[in-house]
Structure formats: C-alpha cells, structure tokens
>>> print(open('work_27.pdb').read())   # PDB, C-alpha atoms
ATOM      1  CA  PHE J   1      20.080  30.774  19.672  1.00  0.00           C
ATOM      2  CA  THR J   2      21.922  29.761  22.817  1.00  0.00           C
ATOM      3  CA  VAL J   3      23.395  26.380  23.679  1.00  0.00           C
ATOM      4  CA  ASN J   4      23.654  25.722  27.409  1.00  0.00           C
ATOM      5  CA  VAL J   5      26.071  22.947  28.367  1.00  0.00           C
ATOM      6  CA  ASN J   6      25.697  21.338  31.787  1.00  0.00           C
ATOM      7  CA  PRO J   7      28.265  21.038  33.235  1.00  0.00           C
ATOM      8  CA  GLY J   8      30.006  23.848  31.414  1.00  0.00           C
ATOM      9  CA  THR J   9      29.794  27.460  30.360  1.00  0.00           C
ATOM     10  CA  PRO J  10      26.864  28.560  28.156  1.00  0.00           C
ATOM     11  CA  ILE J  11      27.791  29.121  24.522  1.00  0.00           C
ATOM     12  CA  ASP J  12      26.107  32.061  22.826  1.00  0.00           C
ATOM     13  CA  ILE J  13      25.829  32.048  19.044  1.00  0.00           C
ATOM     14  CA  PRO J  14      24.663  35.532  18.057  1.00  0.00           C
ATOM     15  CA  GLU J  15      24.532  34.941  14.305  1.00  0.00           C
ATOM     16  CA  PRO J  16      20.946  33.940  13.290  1.00  0.00           C
ATOM     17  CA  SER J  17      22.354  31.967  10.352  1.00  0.00           C
ATOM     18  CA  ALA J  18      24.425  29.681  12.594  1.00  0.00           C
ATOM     19  CA  ARG J  19      23.194  26.098  12.699  1.00  0.00           C
ATOM     20  CA  SER J  20      25.864  24.279  14.711  1.00  0.00           C
ATOM     21  CA  ALA J  21      28.485  24.580  17.430  1.00  0.00           C
ATOM     22  CA  VAL J  22      31.536  22.423  18.145  1.00  0.00           C
ATOM     23  CA  MET J  23      32.301  21.522  21.760  1.00  0.00           C
ATOM     24  CA  GLY J  24      34.960  19.312  23.332  1.00  0.00           C
ATOM     25  CA  LEU J  25      33.457  16.993  25.960  1.00  0.00           C
ATOM     26  CA  PRO J  26      35.721  14.943  28.275  1.00  0.00           C
ATOM     27  CA  GLY J  27      34.865  11.263  28.537  1.00  0.00           C
ATOM     28  CA  GLY J  28      33.148   9.500  31.408  1.00  0.00           C
ATOM     29  CA  ALA J  29      30.397  12.050  32.053  1.00  0.00           C
ATOM     30  CA  VAL J  30      26.772  12.768  31.243  1.00  0.00           C
ATOM     31  CA  TYR J  31      25.895  16.099  29.637  1.00  0.00           C
ATOM     32  CA  GLU J  32      22.540  17.788  29.220  1.00  0.00           C
ATOM     33  CA  ILE J  33      22.560  20.133  26.239  1.00  0.00           C
ATOM     34  CA  SER J  34      19.583  22.461  25.968  1.00  0.00           C
ATOM     35  CA  LEU J  35      18.847  24.385  22.782  1.00  0.00           C
ATOM     36  CA  VAL J  36      16.578  27.439  22.923  1.00  0.00           C
ATOM     37  CA  ALA J  37      15.317  28.922  19.655  1.00  0.00           C
ATOM     38  CA  TYR J  38      13.730  32.391  19.651  1.00  0.00           C
ATOM     39  CA  SER J  39      11.445  34.005  17.115  1.00  0.00           C
ATOM     40  CA  ALA J  40      12.782  36.970  15.149  1.00  0.00           C
ATOM     41  CA  ASP J  41      10.947  39.470  17.405  1.00  0.00           C
ATOM     42  CA  LEU J  42      12.171  37.631  20.568  1.00  0.00           C
ATOM     43  CA  VAL J  43       8.558  37.251  21.708  1.00  0.00           C
ATOM     44  CA  SER J  44       8.293  33.470  21.583  1.00  0.00           C
ATOM     45  CA  ALA J  45      10.762  30.640  22.106  1.00  0.00           C
ATOM     46  CA  SER J  46      10.936  26.848  21.956  1.00  0.00           C
ATOM     47  CA  SER J  47      13.463  24.529  23.547  1.00  0.00           C
ATOM     48  CA  GLU J  48      14.770  20.958  23.362  1.00  0.00           C
ATOM     49  CA  VAL J  49      17.009  19.071  25.784  1.00  0.00           C
ATOM     50  CA  VAL J  50      19.367  16.325  24.592  1.00  0.00           C
ATOM     51  CA  ARG J  51      21.031  14.013  27.104  1.00  0.00           C
ATOM     52  CA  VAL J  52      24.465  12.836  25.918  1.00  0.00           C
ATOM     53  CA  TYR J  53      26.786  10.299  27.518  1.00  0.00           C
ATOM     54  CA  VAL J  54      30.425  10.426  26.448  1.00  0.00           C
ATOM     55  CA  ASP J  55      31.822   7.061  27.475  1.00  0.00           C
ATOM     56  CA  MET J  56      35.436   7.335  26.308  1.00  0.00           C
ATOM     57  CA  PRO J  57      37.903   9.911  25.041  1.00  0.00           C
ATOM     58  CA  LEU J  58      38.286  10.339  21.303  1.00  0.00           C
ATOM     59  CA  SER J  59      41.854   9.025  21.235  1.00  0.00           C
ATOM     60  CA  PRO J  60      42.229   5.241  21.727  1.00  0.00           C
ATOM     61  CA  PRO J  61      43.874   3.947  24.917  1.00  0.00           C
ATOM     62  CA  THR J  62      47.448   2.685  24.714  1.00  0.00           C
ATOM     63  CA  GLY J  63      47.649  -0.783  23.220  1.00  0.00           C
ATOM     64  CA  LEU J  64      44.267  -0.631  21.475  1.00  0.00           C
ATOM     65  CA  SER J  65      44.418  -1.351  17.764  1.00  0.00           C
ATOM     66  CA  VAL J  66      41.851   0.526  15.682  1.00  0.00           C
ATOM     67  CA  SER J  67      41.084  -0.678  12.152  1.00  0.00           C
ATOM     68  CA  GLU J  68      39.131   1.175   9.496  1.00  0.00           C
ATOM     69  CA  ASP J  69      38.377  -2.028   7.587  1.00  0.00           C
ATOM     70  CA  VAL J  70      34.981  -2.998   9.015  1.00  0.00           C
ATOM     71  CA  ALA J  71      33.178  -5.802   7.191  1.00  0.00           C
ATOM     72  CA  LEU J  72      29.503  -4.977   6.803  1.00  0.00           C
ATOM     73  CA  PRO J  73      27.033  -7.881   6.828  1.00  0.00           C
ATOM     74  CA  VAL J  74      25.801  -9.160   3.472  1.00  0.00           C
ATOM     75  CA  VAL J  75      22.012  -9.315   3.138  1.00  0.00           C
ATOM     76  CA  ALA J  76      20.407 -10.889   0.049  1.00  0.00           C
ATOM     77  CA  ILE J  77      16.991 -11.873  -1.298  1.00  0.00           C
ATOM     78  CA  MET J  78      15.981 -13.547  -4.565  1.00  0.00           C
ATOM     79  CA  PHE J  79      13.155 -11.308  -5.818  1.00  0.00           C
ATOM     80  CA  SER J  80      13.686  -7.586  -6.348  1.00  0.00           C
ATOM     81  CA  ASP J  81      11.087  -5.403  -8.099  1.00  0.00           C
ATOM     82  CA  GLU J  82       9.098  -8.116  -9.889  1.00  0.00           C
ATOM     83  CA  VAL J  83       5.299  -7.876  -9.668  1.00  0.00           C
ATOM     84  CA  PRO J  84       3.130 -11.010  -9.956  1.00  0.00           C
ATOM     85  CA  ASP J  85       0.062 -11.484 -12.102  1.00  0.00           C
ATOM     86  CA  GLY J  86      -3.220 -12.479 -10.531  1.00  0.00           C
ATOM     87  CA  PRO J  87      -4.213 -13.086  -7.877  1.00  0.00           C
ATOM     88  CA  PHE J  88      -5.139 -16.578  -9.033  1.00  0.00           C
ATOM     89  CA  ASP J  89      -7.819 -18.686  -7.348  1.00  0.00           C
ATOM     90  CA  ASP J  90      -8.354 -22.238  -8.524  1.00  0.00           C
ATOM     91  CA  GLY J  91     -10.263 -23.338  -5.423  1.00  0.00           C
ATOM     92  CA  ILE J  92      -7.487 -25.655  -4.214  1.00  0.00           C
ATOM     93  CA  PRO J  93      -5.216 -25.044  -1.204  1.00  0.00           C
ATOM     94  CA  TRP J  94      -1.522 -25.338  -2.055  1.00  0.00           C
ATOM     95  CA  GLU J  95       1.888 -25.387  -0.405  1.00  0.00           C
ATOM     96  CA  LEU J  96       3.879 -23.174  -2.779  1.00  0.00           C
ATOM     97  CA  GLY J  97       7.579 -22.528  -2.742  1.00  0.00           C
ATOM     98  CA  MET J  98      10.987 -22.299  -4.337  1.00  0.00           C
ATOM     99  CA  ARG J  99      14.071 -24.475  -4.215  1.00  0.00           C
ATOM    100  CA  PHE J 100      17.302 -22.486  -3.935  1.00  0.00           C
ATOM    101  CA  SER J 101      20.951 -22.701  -2.987  1.00  0.00           C
ATOM    102  CA  PRO J 102      23.260 -20.179  -1.240  1.00  0.00           C
ATOM    103  CA  THR J 103      26.681 -19.574  -2.783  1.00  0.00           C
ATOM    104  CA  SER J 104      28.383 -19.255   0.627  1.00  0.00           C
ATOM    105  CA  ASP J 105      27.814 -20.310   4.217  1.00  0.00           C
ATOM    106  CA  GLY J 106      25.455 -18.033   6.127  1.00  0.00           C
ATOM    107  CA  VAL J 107      22.106 -17.882   7.895  1.00  0.00           C
ATOM    108  CA  ILE J 108      18.477 -17.474   6.873  1.00  0.00           C
ATOM    109  CA  THR J 109      17.016 -14.813   9.157  1.00  0.00           C
ATOM    110  CA  ALA J 110      13.524 -14.294   7.704  1.00  0.00           C
ATOM    111  CA  LEU J 111      10.934 -15.656   5.270  1.00  0.00           C
ATOM    112  CA  ARG J 112       8.997 -13.576   2.726  1.00  0.00           C
ATOM    113  CA  HIS J 113       5.934 -13.910   0.516  1.00  0.00           C
ATOM    114  CA  TYR J 114       3.894 -11.577  -1.678  1.00  0.00           C
ATOM    115  CA  HIS J 115       0.546 -10.745  -0.082  1.00  0.00           C
ATOM    116  CA  VAL J 116      -2.119 -10.477  -2.797  1.00  0.00           C
ATOM    117  CA  GLU J 117      -5.257  -8.367  -2.805  1.00  0.00           C
ATOM    118  CA  GLY J 118      -8.222 -10.020  -1.071  1.00  0.00           C
ATOM    119  CA  ASP J 119      -6.137 -12.558   0.837  1.00  0.00           C
ATOM    120  CA  ALA J 120      -7.471 -12.680   4.428  1.00  0.00           C
ATOM    121  CA  TYR J 121      -5.769 -15.978   5.246  1.00  0.00           C
ATOM    122  CA  THR J 122      -3.069 -16.174   7.929  1.00  0.00           C
ATOM    123  CA  HIS J 123      -0.087 -17.885   6.315  1.00  0.00           C
ATOM    124  CA  THR J 124       2.657 -20.099   7.689  1.00  0.00           C
ATOM    125  CA  GLY J 125       6.077 -19.996   6.086  1.00  0.00           C
ATOM    126  CA  ARG J 126       8.468 -22.935   6.240  1.00  0.00           C
ATOM    127  CA  LEU J 127      12.141 -23.495   5.520  1.00  0.00           C
ATOM    128  CA  TRP J 128      13.145 -27.016   4.485  1.00  0.00           C
ATOM    129  CA  ALA J 129      16.365 -28.834   3.765  1.00  0.00           C
ATOM    130  CA  GLY J 130      16.570 -30.161   0.236  1.00  0.00           C
ATOM    131  CA  ASP J 131      15.662 -33.671   1.431  1.00  0.00           C
ATOM    132  CA  GLY J 132      12.395 -32.473   2.965  1.00  0.00           C
ATOM    133  CA  SER J 133      13.510 -32.052   6.575  1.00  0.00           C
ATOM    134  CA  LEU J 134      11.717 -29.139   8.208  1.00  0.00           C
ATOM    135  CA  LEU J 135      14.203 -26.556   9.536  1.00  0.00           C
ATOM    136  CA  ALA J 136      12.005 -23.654  10.683  1.00  0.00           C
ATOM    137  CA  THR J 137       8.483 -22.218  10.617  1.00  0.00           C
ATOM    138  CA  ALA J 138       7.136 -18.682  10.967  1.00  0.00           C
ATOM    139  CA  VAL J 139       3.593 -17.296  11.010  1.00  0.00           C
ATOM    140  CA  PHE J 140       2.758 -14.237   8.908  1.00  0.00           C
ATOM    141  CA  SER J 141       0.286 -11.717  10.268  1.00  0.00           C
ATOM    142  CA  GLN J 142      -1.992  -9.983   7.794  1.00  0.00           C
ATOM    143  CA  GLY J 143       0.141  -7.921   5.459  1.00  0.00           C
ATOM    144  CA  THR J 144      -0.400  -4.985   3.129  1.00  0.00           C
ATOM    145  CA  PRO J 145      -2.238  -6.016  -0.079  1.00  0.00           C
ATOM    146  CA  ASN J 146      -0.064  -6.269  -3.173  1.00  0.00           C
ATOM    147  CA  ALA J 147       3.175  -5.995  -1.222  1.00  0.00           C
ATOM    148  CA  TRP J 148       5.832  -8.223   0.287  1.00  0.00           C
ATOM    149  CA  ALA J 149       5.249  -9.521   3.816  1.00  0.00           C
ATOM    150  CA  GLU J 150       8.260 -10.584   5.878  1.00  0.00           C
ATOM    151  CA  VAL J 151       8.564 -12.405   9.193  1.00  0.00           C
ATOM    152  CA  ALA J 152      11.773 -12.991  11.122  1.00  0.00           C
ATOM    153  CA  LEU J 153      12.662 -16.487  12.302  1.00  0.00           C
ATOM    154  CA  ASP J 154      12.872 -16.893  16.070  1.00  0.00           C
ATOM    155  CA  THR J 155      16.283 -18.481  15.563  1.00  0.00           C
ATOM    156  CA  PRO J 156      18.255 -17.907  12.334  1.00  0.00           C
ATOM    157  CA  VAL J 157      18.962 -21.131  10.440  1.00  0.00           C
ATOM    158  CA  VAL J 158      22.550 -21.880   9.437  1.00  0.00           C
ATOM    159  CA  VAL J 159      22.829 -22.804   5.762  1.00  0.00           C
ATOM    160  CA  THR J 160      25.747 -24.253   3.813  1.00  0.00           C
ATOM    161  CA  ALA J 161      27.197 -23.117   0.499  1.00  0.00           C
ATOM    162  CA  ASN J 162      25.889 -25.052  -2.532  1.00  0.00           C
ATOM    163  CA  ALA J 163      23.432 -27.122  -0.452  1.00  0.00           C
ATOM    164  CA  GLU J 164      19.790 -27.049  -1.570  1.00  0.00           C
ATOM    165  CA  TYR J 165      16.902 -25.647   0.490  1.00  0.00           C
ATOM    166  CA  VAL J 166      13.205 -24.942  -0.060  1.00  0.00           C
ATOM    167  CA  VAL J 167      11.190 -21.988   1.185  1.00  0.00           C
ATOM    168  CA  SER J 168       7.413 -22.414   1.106  1.00  0.00           C
ATOM    169  CA  VAL J 169       4.309 -20.541   2.244  1.00  0.00           C
ATOM    170  CA  ASP J 170       0.848 -22.095   2.273  1.00  0.00           C
ATOM    171  CA  ALA J 171      -1.957 -20.645   0.142  1.00  0.00           C
ATOM    172  CA  ASN J 172      -5.642 -21.066   0.932  1.00  0.00           C
ATOM    173  CA  THR J 173      -6.665 -21.155  -2.773  1.00  0.00           C
ATOM    174  CA  LEU J 174      -5.518 -17.558  -3.473  1.00  0.00           C
ATOM    175  CA  TRP J 175      -1.954 -17.062  -4.716  1.00  0.00           C
ATOM    176  CA  PRO J 176       0.336 -14.761  -6.743  1.00  0.00           C
ATOM    177  CA  GLY J 177       2.129 -16.013  -9.825  1.00  0.00           C
ATOM    178  CA  LEU J 178       4.244 -15.007 -12.770  1.00  0.00           C
ATOM    179  CA  ALA J 179       4.049 -17.400 -15.699  1.00  0.00           C
ATOM    180  CA  GLY J 180       7.261 -19.106 -16.806  1.00  0.00           C
ATOM    181  CA  TYR J 181       9.452 -17.084 -14.469  1.00  0.00           C
ATOM    182  CA  LEU J 182      12.356 -17.895 -12.176  1.00  0.00           C
ATOM    183  CA  PRO J 183      14.331 -15.066 -10.515  1.00  0.00           C
ATOM    184  CA  PRO J 184      17.872 -14.734 -11.829  1.00  0.00           C
ATOM    185  CA  ALA J 185      20.737 -15.916  -9.645  1.00  0.00           C
ATOM    186  CA  ASN J 186      22.642 -13.246  -7.762  1.00  0.00           C
ATOM    187  CA  GLU J 187      25.998 -13.270  -6.009  1.00  0.00           C
ATOM    188  CA  HIS J 188      24.586 -14.924  -2.880  1.00  0.00           C
ATOM    189  CA  LEU J 189      21.443 -16.922  -3.783  1.00  0.00           C
ATOM    190  CA  VAL J 190      20.687 -19.209  -6.736  1.00  0.00           C
ATOM    191  CA  PRO J 191      17.012 -20.040  -7.429  1.00  0.00           C
ATOM    192  CA  ILE J 192      16.744 -23.620  -8.759  1.00  0.00           C
ATOM    193  CA  ASN J 193      13.048 -24.146  -9.489  1.00  0.00           C
ATOM    194  CA  ASN J 194       9.536 -23.356  -8.327  1.00  0.00           C
ATOM    195  CA  VAL J 195       7.839 -26.154  -6.374  1.00  0.00           C
ATOM    196  CA  LEU J 196       4.370 -27.024  -5.123  1.00  0.00           C
ATOM    197  CA  GLY J 197       2.421 -29.569  -3.113  1.00  0.00           C
ATOM    198  CA  LEU J 198      -1.252 -30.325  -2.495  1.00  0.00           C
ATOM    199  CA  GLU J 199      -0.919 -30.967   1.247  1.00  0.00           C
ATOM    200  CA  LEU J 200      -0.719 -27.836   3.381  1.00  0.00           C
ATOM    201  CA  GLY J 201       2.231 -27.907   5.744  1.00  0.00           C
ATOM    202  CA  ALA J 202       3.919 -30.796   3.920  1.00  0.00           C
ATOM    203  CA  PHE J 203       7.119 -30.611   1.922  1.00  0.00           C
ATOM    204  CA  PRO J 204       6.342 -29.271  -1.594  1.00  0.00           C
ATOM    205  CA  GLY J 205       8.458 -31.668  -3.620  1.00  0.00           C
ATOM    206  CA  THR J 206       6.929 -31.284  -7.077  1.00  0.00           C
ATOM    207  CA  PRO J 207       8.940 -29.076  -9.472  1.00  0.00           C
ATOM    208  CA  ASP J 208       6.785 -26.637 -11.435  1.00  0.00           C
ATOM    209  CA  GLY J 209       7.919 -24.655 -14.444  1.00  0.00           C
ATOM    210  CA  ASN J 210       4.599 -22.902 -14.964  1.00  0.00           C
ATOM    211  CA  TYR J 211       4.724 -20.142 -12.360  1.00  0.00           C
ATOM    212  CA  ALA J 212       6.918 -18.353  -9.870  1.00  0.00           C
ATOM    213  CA  TYR J 213       4.992 -18.139  -6.591  1.00  0.00           C
ATOM    214  CA  PHE J 214       6.862 -15.229  -4.984  1.00  0.00           C
ATOM    215  CA  ARG J 215       8.266 -17.067  -1.964  1.00  0.00           C
ATOM    216  CA  ASP J 216      11.613 -15.779  -0.733  1.00  0.00           C
ATOM    217  CA  VAL J 217      14.142 -15.695   2.113  1.00  0.00           C
ATOM    218  CA  VAL J 218      16.479 -13.169   3.734  1.00  0.00           C
ATOM    219  CA  PHE J 219      20.036 -14.502   3.653  1.00  0.00           C
ATOM    220  CA  GLU J 220      22.851 -13.014   5.731  1.00  0.00           C
ATOM    221  CA  ARG J 221      26.526 -13.742   6.217  1.00  0.00           C
TER     222      ARG J 221
END
>>> encode(input="work_27.pdb", output="structure tokens")
Amino acid sequence: FTVNVNPGTPIDIPEPSARSAVMGLPGGAVYEISLVAYSADLVSASSEVVRVYVDMPLSPPTGLSVSEDVALPVVAIMFSDEVPDGPFDDGIPWELGMRFSPTSDGVITALRHYHVEGDAYTHTGRLWAGDGSLLATAVFSQGTPNAWAEVALDTPVVVTANAEYVVSVDANTLWPGLAGYLPPANEHLVPINNVLGLELGAFPGTPDGNYAYFRDVVFER
C-alpha cells in the first residue's frame, strides 16, 4: 500500500506484509493522510482519508512540568453480578430503595435499577439525604428486560464521607427482589439496609430485611 502525506512526500511501502509506517509531523498544522489498499492482482483498490491535527510538538515547552502520576477517577456501584428473583407482583405500588453511606467525599452521578421482564412502567429514581430531604430525581426510559437501567443526573450531587443517603426507584406493583440479601460493602460504598414505602414519590423510611430491591447509584471521586 501507499501512504500519501499532505503536505509531504508520499511514502511507499512495497512489502505486502507491512501494516504501519512511522512519520514525524511538526506541530501546528493539519495533515490529511490517505491510505490506498490494492488487491493482490492490482485490479481493485479501496481508500480511506484520515484528517489529523498536530497541535504541539512532542517535547514540552520550557518551564512546563510534566508528571506521569495521573490520578484516574474512582467509579463505584454497590451491586455487581447479582441476579434478582421474581419478578414479584403483589398488586401494590411501592417506593423501594436502599440506605447507604460513602466512605469518602465524592459525587453521585447516576441512579440505577434492575428492569424486570414485563415491566412497562416508566420509573422515577430519587436520591435522598438520610433525613428524608430530596436531593435529586431522574426519569428512567424503558430499559432492556432483566438488565440494569441507568440514568445520569442532570447535576451530580455532592456527598460526604460517612453520611447516610437513600436511593429509591418507584415500582408500579412489579419489582425485583433477592430474599434476605444486602450487597457487601466495598472500598467506596457501604450498603446499610433495604428500605420501602407505600407512597410513591415519598421518602421510603421503613427498613426491610426481607428483600434487596436492586436500587443502586454511581459514585465518583
């Protein structure tokens, strides 16, 4: 194949086994690199054009300190590969949730719930302070059956280490559950207990040791 560099001199790579070429490109310019691939009999060909902008030289300017120690963001959830039983349907609408605590300061960026088979109800997720103050809401669109659905908060909510919070998602009679279960604590999030309430959209303040309802958050710091 042939690599044409614009601006620049075309680079021919005669070996059919070659898969790459190394080129030095000065900074502060836009380059169009076109790759033409020919068939073995040279009868047919296909091409691609890649537009590349090199915005700075590879060596840092004088006075710029470059560090290799880049802190990646921490992202954590409470559930991992657990699968609920059910779905259960007792004919009663519920506000179902979990009380939890972060181990460090951070933000909640999204809410999650497990979407069960046959659930055609549009759900609203809510994040509460431990005292019942509503901190954020988010509406879930219809998700994939028997899979986690996730919706990002319009504005991430700042949370404090060791403070208690509640995540809840309403259920129009149909809900997932795992009897006698509470997810184990991890390095960043500590589940405290499962909670429920009979009034949709209201703070679910009743602790429940019978089921985990597969309500979760995305925590970042």
>>> atom_distance(input="work_27.pdb", atom1="atom CA of Asn193 of chain J", atom2="atom CA of Ala212 of chain J")
8.4 Å
>>> residues_around(input="work_27.pdb", residues="segment 160-163 of chain J", least_positions_apart="2", cutoff="12 Å", atoms="all atoms listed in the file", output="list in words")
Arg99, Phe100, Ser101, Pro102, Thr103, Ser104, Asp105, Gly106, Val107, Ile108, Trp128, Ala129, Gly130, Asp131, Val157, Val158, Tyr165, Val166, Glu187, His188, Leu189, Val190, Pro191, Ile192, Phe219, Glu220 and Arg221 of chain J
>>> write_last_selection(input="work_27.pdb", atoms="C-alpha atoms", output="PDB file, in the frame of the given file")
ATOM      1  CA  ARG J  99      14.071 -24.475  -4.215  1.00  0.00           C
ATOM      2  CA  PHE J 100      17.302 -22.486  -3.935  1.00  0.00           C
ATOM      3  CA  SER J 101      20.951 -22.701  -2.987  1.00  0.00           C
ATOM      4  CA  PRO J 102      23.260 -20.179  -1.240  1.00  0.00           C
ATOM      5  CA  THR J 103      26.681 -19.574  -2.783  1.00  0.00           C
ATOM      6  CA  SER J 104      28.383 -19.255   0.627  1.00  0.00           C
ATOM      7  CA  ASP J 105      27.814 -20.310   4.217  1.00  0.00           C
ATOM      8  CA  GLY J 106      25.455 -18.033   6.127  1.00  0.00           C
ATOM      9  CA  VAL J 107      22.106 -17.882   7.895  1.00  0.00           C
ATOM     10  CA  ILE J 108      18.477 -17.474   6.873  1.00  0.00           C
ATOM     11  CA  TRP J 128      13.145 -27.016   4.485  1.00  0.00           C
ATOM     12  CA  ALA J 129      16.365 -28.834   3.765  1.00  0.00           C
ATOM     13  CA  GLY J 130      16.570 -30.161   0.236  1.00  0.00           C
ATOM     14  CA  ASP J 131      15.662 -33.671   1.431  1.00  0.00           C
ATOM     15  CA  VAL J 157      18.962 -21.131  10.440  1.00  0.00           C
ATOM     16  CA  VAL J 158      22.550 -21.880   9.437  1.00  0.00           C
ATOM     17  CA  TYR J 165      16.902 -25.647   0.490  1.00  0.00           C
ATOM     18  CA  VAL J 166      13.205 -24.942  -0.060  1.00  0.00           C
ATOM     19  CA  GLU J 187      25.998 -13.270  -6.009  1.00  0.00           C
ATOM     20  CA  HIS J 188      24.586 -14.924  -2.880  1.00  0.00           C
ATOM     21  CA  LEU J 189      21.443 -16.922  -3.783  1.00  0.00           C
ATOM     22  CA  VAL J 190      20.687 -19.209  -6.736  1.00  0.00           C
ATOM     23  CA  PRO J 191      17.012 -20.040  -7.429  1.00  0.00           C
ATOM     24  CA  ILE J 192      16.744 -23.620  -8.759  1.00  0.00           C
ATOM     25  CA  PHE J 219      20.036 -14.502   3.653  1.00  0.00           C
ATOM     26  CA  GLU J 220      22.851 -13.014   5.731  1.00  0.00           C
ATOM     27  CA  ARG J 221      26.526 -13.742   6.217  1.00  0.00           C
TER      28      ARG J 221
END
>>> closest_residue(input="work_27.pdb", among="J:Gly86, J:Pro93, J:Gly143, J:Pro73", to="Ala171 of chain J", atoms="all atoms listed in the file")
J:Pro93
>>> atom_distance(input="work_27.pdb", atom1="atom CA of Gly205 of chain J", atom2="atom CA of Gly132 of chain J")
7.7 Å
>>> residues_around(input="work_27.pdb", residues="Phe79 of chain J", least_positions_apart="6", cutoff="9 Å", atoms="only C-alpha atoms", output="PyMOL selection string")
chain J and resi 183-184+214-216
>>> residues_around(input="work_27.pdb", residues="Tyr181 of chain J", least_positions_apart="4", cutoff="9 Å", atoms="only C-alpha atoms", output="PyMOL selection string")
chain J and resi 177+194+209-212
>>> resolve_selection(input="work_27.pdb", expression="the PyMOL selection byres ((chain J and resi 110) around 9)", output="number ranges by chain")
J: 108-109, 111-112, 138, 150-154, 156, 216-219
>>> closest_residue(input="work_27.pdb", among="J:Pro84, J:His115, J:Val159, J:Leu134", to="Gly180 of chain J", atoms="all atoms listed in the file")
J:Pro84
>>> atom_distance(input="work_27.pdb", atom1="atom CA of Val167 of chain J", atom2="atom CA of Glu199 of chain J")
15.1 Å
>>> axis_aligned_box(input="work_27.pdb", around="segment 153-166 of chain J", padding_each_side="6 Å", output="JSON")
{"center_x": 19.9, "center_y": -21.8, "center_z": 6.8, "size_x": 26.5, "size_y": 22.6, "size_z": 30.6}
>>> resolve_selection(input="work_27.pdb", expression="the PyMOL selection byres ((chain J and resi 142) around 9)", output="PyMOL selection string")
chain J and resi 115+119-123+140-141+143-145+149
>>> write_last_selection(input="work_27.pdb", atoms="C-alpha atoms", output="mmCIF file, keeping the file's coordinate frame")
data_model
loop_
_atom_site.group_PDB
_atom_site.id
_atom_site.type_symbol
_atom_site.label_atom_id
_atom_site.label_comp_id
_atom_site.auth_asym_id
_atom_site.auth_seq_id
_atom_site.Cartn_x
_atom_site.Cartn_y
_atom_site.Cartn_z
ATOM 1 C CA HIS J 115 0.546 -10.745 -0.082
ATOM 2 C CA ASP J 119 -6.137 -12.558 0.837
ATOM 3 C CA ALA J 120 -7.471 -12.680 4.428
ATOM 4 C CA TYR J 121 -5.769 -15.978 5.246
ATOM 5 C CA THR J 122 -3.069 -16.174 7.929
ATOM 6 C CA HIS J 123 -0.087 -17.885 6.315
ATOM 7 C CA PHE J 140 2.758 -14.237 8.908
ATOM 8 C CA SER J 141 0.286 -11.717 10.268
ATOM 9 C CA GLY J 143 0.141 -7.921 5.459
ATOM 10 C CA THR J 144 -0.400 -4.985 3.129
ATOM 11 C CA PRO J 145 -2.238 -6.016 -0.079
ATOM 12 C CA ALA J 149 5.249 -9.521 3.816
#
>>> residues_around(input="work_27.pdb", residues="Gly125 of chain J", least_positions_apart="4", cutoff="7 Å", atoms="all atoms listed in the file", output="NGL selection string")
:J and (111 or 137-139 or 168-170)
>>> closest_residue(input="work_27.pdb", among="J:Leu200, J:Val195, J:Glu164, J:Ala136", to="Ile92 of chain J", atoms="all atoms listed in the file")
J:Leu200
>>> closest_residue(input="work_27.pdb", among="J:Ala76, J:Asp90, J:Arg126, J:Met98", to="Asn186 of chain J", atoms="only C-alpha atoms")
J:Ala76
>>> build_atoms(input="work_27.pdb", residues="segment 180-190 of chain J", atoms="N, CA, C and O atoms", output="PDB file, in the frame of the given file")
ATOM      1  N   GLY J 180       5.995 -18.774 -16.184  1.00  0.00           N
ATOM      2  CA  GLY J 180       7.261 -19.106 -16.806  1.00  0.00           C
ATOM      3  C   GLY J 180       8.451 -18.359 -16.263  1.00  0.00           C
ATOM      4  O   GLY J 180       9.440 -18.166 -16.982  1.00  0.00           O
ATOM      5  N   TYR J 181       8.397 -17.944 -15.000  1.00  0.00           N
ATOM      6  CA  TYR J 181       9.452 -17.084 -14.469  1.00  0.00           C
ATOM      7  C   TYR J 181      10.211 -17.767 -13.337  1.00  0.00           C
ATOM      8  O   TYR J 181       9.633 -18.505 -12.535  1.00  0.00           O
ATOM      9  N   LEU J 182      11.509 -17.507 -13.283  1.00  0.00           N
ATOM     10  CA  LEU J 182      12.356 -17.895 -12.176  1.00  0.00           C
ATOM     11  C   LEU J 182      13.318 -16.729 -11.952  1.00  0.00           C
ATOM     12  O   LEU J 182      13.951 -16.269 -12.901  1.00  0.00           O
ATOM     13  N   PRO J 183      13.426 -16.204 -10.725  1.00  0.00           N
ATOM     14  CA  PRO J 183      14.331 -15.066 -10.515  1.00  0.00           C
ATOM     15  C   PRO J 183      15.749 -15.419 -10.924  1.00  0.00           C
ATOM     16  O   PRO J 183      16.197 -16.559 -10.752  1.00  0.00           O
ATOM     17  N   PRO J 184      16.489 -14.462 -11.454  1.00  0.00           N
ATOM     18  CA  PRO J 184      17.872 -14.734 -11.829  1.00  0.00           C
ATOM     19  C   PRO J 184      18.743 -14.933 -10.592  1.00  0.00           C
ATOM     20  O   PRO J 184      18.473 -14.383  -9.528  1.00  0.00           O
ATOM     21  N   ALA J 185      19.786 -15.729 -10.745  1.00  0.00           N
ATOM     22  CA  ALA J 185      20.737 -15.916  -9.645  1.00  0.00           C
ATOM     23  C   ALA J 185      21.474 -14.611  -9.384  1.00  0.00           C
ATOM     24  O   ALA J 185      21.723 -13.815 -10.292  1.00  0.00           O
ATOM     25  N   ASN J 186      21.797 -14.382  -8.109  1.00  0.00           N
ATOM     26  CA  ASN J 186      22.642 -13.246  -7.762  1.00  0.00           C
ATOM     27  C   ASN J 186      23.925 -13.759  -7.111  1.00  0.00           C
ATOM     28  O   ASN J 186      24.172 -14.974  -7.090  1.00  0.00           O
ATOM     29  N   GLU J 187      24.703 -12.886  -6.555  1.00  0.00           N
ATOM     30  CA  GLU J 187      25.998 -13.270  -6.009  1.00  0.00           C
ATOM     31  C   GLU J 187      25.875 -14.202  -4.813  1.00  0.00           C
ATOM     32  O   GLU J 187      26.801 -14.960  -4.510  1.00  0.00           O
ATOM     33  N   HIS J 188      24.720 -14.205  -4.148  1.00  0.00           N
ATOM     34  CA  HIS J 188      24.586 -14.924  -2.880  1.00  0.00           C
ATOM     35  C   HIS J 188      23.538 -16.035  -2.886  1.00  0.00           C
ATOM     36  O   HIS J 188      23.633 -16.974  -2.099  1.00  0.00           O
ATOM     37  N   LEU J 189      22.524 -15.940  -3.752  1.00  0.00           N
ATOM     38  CA  LEU J 189      21.443 -16.922  -3.783  1.00  0.00           C
ATOM     39  C   LEU J 189      21.165 -17.348  -5.223  1.00  0.00           C
ATOM     40  O   LEU J 189      21.108 -16.506  -6.128  1.00  0.00           O
ATOM     41  N   VAL J 190      20.957 -18.658  -5.406  1.00  0.00           N
ATOM     42  CA  VAL J 190      20.687 -19.209  -6.736  1.00  0.00           C
ATOM     43  C   VAL J 190      19.330 -19.909  -6.713  1.00  0.00           C
ATOM     44  O   VAL J 190      19.195 -20.993  -6.123  1.00  0.00           O
TER      45      VAL J 190
END
